[in-house]
Every structure is written in structure tokens, then in C-alpha cells.
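K.L.:
Okay, handing you the structure first.
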Amino acid sequence: MSEATGGPAILVLEDGRVFHGRSFGATGETFGEIVFNTGMTGYQETLTDPSYHRQIVAMTAPHIGNTGVNDDDPESGRIWVAGYVVREPARIPSNWRAQRTLDEELRRQDVVGIAMTGTRALTRHLRDKGAMRAAVSSVETDPKALLARVLEQPRMAGADLAGEVSTDAPYEVLPPEGVETRFHVAAVDLGIKAMTPQRLAERGCKVTVLPSSATAEDLLALDPDGVFFSNGPGDPATADGPVAAMRGVLDAGRPLFGICFGNQILGRALGLGTYKLPFGHRGVNQPVIDTATGKVSITSQNHGFAVDAPLEGTFETPYGRAQVSHIGLNDQVVEGLRLLDRPVFSVQFHPEAAAGPHDAAGLFDEFVDLMSAAQPTAAAEQ
């Protein structure tokens, strides 16, 4: 017996495909771009990742909710997904850390979902046709009426969303007790996950998190040892403010690290283009190769856009030579950038992944090393 004991629900895609199931979570209807996530664990981190803002997420793992929900694992203060699609919700959660069921949490935060047997067919359809607008409803029974409203919804391409998920005011994350504070990092919150400043703090960084509207002047006024640009939702082609801020940081020569949306912002700051992927990369099993070492890492990813850059050799930018540092092995997508003449790099994947994998966690150490190497230079200039 499933936990999803609600009434009938429907999922309608913008191309007219209809799926039927049972209501899961809150009763109502919701709209967004539908995408699929291939992770077999980490559903709570997925739900609370701001990068999923305005997206309906379909989980390919057949059983979701086994470990319930707790107050320790969220990546932000709320669930950000617009809607949730699962095959078989757990009837009874079984974990010593669980504080309530997933269904209860979805209801508490008014997140509409659907439990349906067709998640495999849905995933195959999205792989063939691409991510698209969709709706989940447990109140509208007419698919044609719901489709008409789906077609009125805005597309993800051209969406400027970072400001909708960013912090309203700066705040600090300090190293844990017993860890010496060695560096000060200014982090731009484009949709930052809680684990990111925590990973930096564990390495002796005091992290000042600033809103997405932060300018280069705001960042440099903190006199940071390094600057970080986070993950986030939306189309990087709309992020003129963050791109301008990053160019100011590049001009100042400060060590810089970007993740996910931050990687796309670096690409645009270097004069590269970005484009929308057909169905994106979302899950915890994405193989990526380091072009310098040949090492392959299994990575956590969540992105629907990518940087357009030459995969081989170096290329010139306004800030010196650059190269693609990582490539996705499934489809040859750019997964990282590196400047050769400045202490700057970025990756498209998530080295901070709370639910794992942790193959790429050493990238935080690399950022710390860049800041450490820059300190004597800064002292000499003073």
C-alpha cells in the first residue's frame, strides 16, 4: 500500500502527453518546467535546492521517501521545486533521523505532487523530446483545460530567477569550533546551497554570503581573500549583473571559484556563449573527466544550461588564456573552466554534494590553495 492515498491526479506536458496517477503531497495544481533526476538518494537535498526553482522534478528511482524528512539535511530554508513526481512513495519511513514523512512535508509546504507508475515512460519521453513546460493537478480533471494553462506559462529560456531565490541581506558562516580562521571568502548567492559555505568553513574560511545583486564594489569592499559564485536557477544569458560583478573581480585579480551557475557566469564573463541543453544533467551519477590528469570523477549535477567553449587546447579571453578543465563523458558537455594566467576556475558540477558522491570534494582544497598562494603577493603589495 502506498502512502499516496489521495484522489486522482494528472500530469500534462506541453506537447499534449498526459499521465494519470494519485495525488501525493498537497492538493492543488502547479506549473513549471518538468525535468528528471536520476539520483537514488538525496531527495531532501533535491527538494530544497534553490536551483530547482520553477521546475517540476520527476524522480527516476522507483521508491522515494524511505528515510523520511528531517531538519538537518535541507539545503535551504524551504522546498523550491514547483512540483514533485514519483513512482512509489514509501508507505512507512525507516530511519532514526526521520522526524516526519515526505508526504507530510510536501503538504506542510504546499507542494503539489503525483505518484504514478509511468515515471519510466515519462523519463524516456523527456530524453527524446527534451524538458518542457508541464502541470500537475489534483483539482483539474480535464487534460485539455490544463494544457491550455500550461501553454500560457513562461519558458525557462530567458528566465531571470537568481534574484528570486537569493538572500535578502548578507550573512556570515564561520568555521566550526576548533578550526582556525585563515581566509575570508565573499560568496555571491545566486541560489547557494547550505552545504557550500559549510564546506569552505570546514577548511578555515569565514564566508560572507551576499545577495545576487552584489556588485564588484560590494565584493571587493570586504577585501576578501577569494570570491565564490554559487549555483542557481534560470538562464545565464539573463544574468548581466552577476557577470559584471565577476568581471570586476577578475579585473582585481582575486582568486575566484564558481560552481554550476557560477561556471556559466564565468563563461559569459570571459566572452563565451551559453545554451540550453535538451534535458540537462540532474542526478548523482554523472561521469566527468579532468582534461589535465585524465582522472574520472562521478559527480552530482543539476543544470539545464551549459557553456559553449572549445574542448581542446587553450583559447584567448580578455583575462588571458583559458581552457576547458572538465568534460562530461556522457555527452561531451563543458564541465569546467580554468584561467591559466589568473587564479580562477569553475566547475559545472557540485563538489559539495551532501548526499554524495564526494569524488570532487578536493576542489575546495584547490580554492584554499589559490588563496594561500595569493596571500604573500598581497602582503608584498601592501
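Residues are referred to by chain and number: the chain letter is A, B, ... according to the order shown in the C-alpha cells, the number counts from 1 in that chain, and ligands are numbered separately from 1 in the order shown.
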I'd like the neighbourhood of A:Val344 as a ChimeraX atom specification, where a residue qualifies if any of its atoms comes within 9 Å (using only C-alpha atoms), though same-chain residues fewer than 4 positions away should be ignored.

P.N.:
/A:250,253-258,337-340,367,370

K.L.:
So that I can see what lies close to stretch 81-98 of chain A, please list as a list in words the residues with an atom at most 6 Å from it, counting only C-alpha atoms and leaving out residues fewer than 4 positions away in the same chain.

P.N.:
Ser2, Glu3, Leu47, Tyr52, His53, Arg54, Gln55, Ile56, Val57, Ala58, Met59, Pro62, His63, Ile64, Gly65, Asn66, Thr67, Gly68, Val69, Asn70, Val111, Val112, Gly113, Ile114, Ala115, Met116, Thr117 and Thr119 of chain A

K.L.:
Please return, as a ChimeraX atom specification, all residues of stretch 73-168 of chain A that DSSP assigns to alpha helix (DSSP H) on the basis of the backbone.

P.N.:
/A:102-108,119-129,143-150,162-165

K.L.:
As a PyMOL selection string, please: every residue in stretch 92-302 of chain A that DSSP puts in strand (DSSP E).

P.N.:
chain A and resi 112-115+132-137+171-173+183-188+205-210+226-229+256-259+273-290+296-302

K.L.:
For atom CA of A:Val188 and atom CA of A:Leu270, quote the distance in Å rounded to one decimal.

P.N.:
17.9 Å
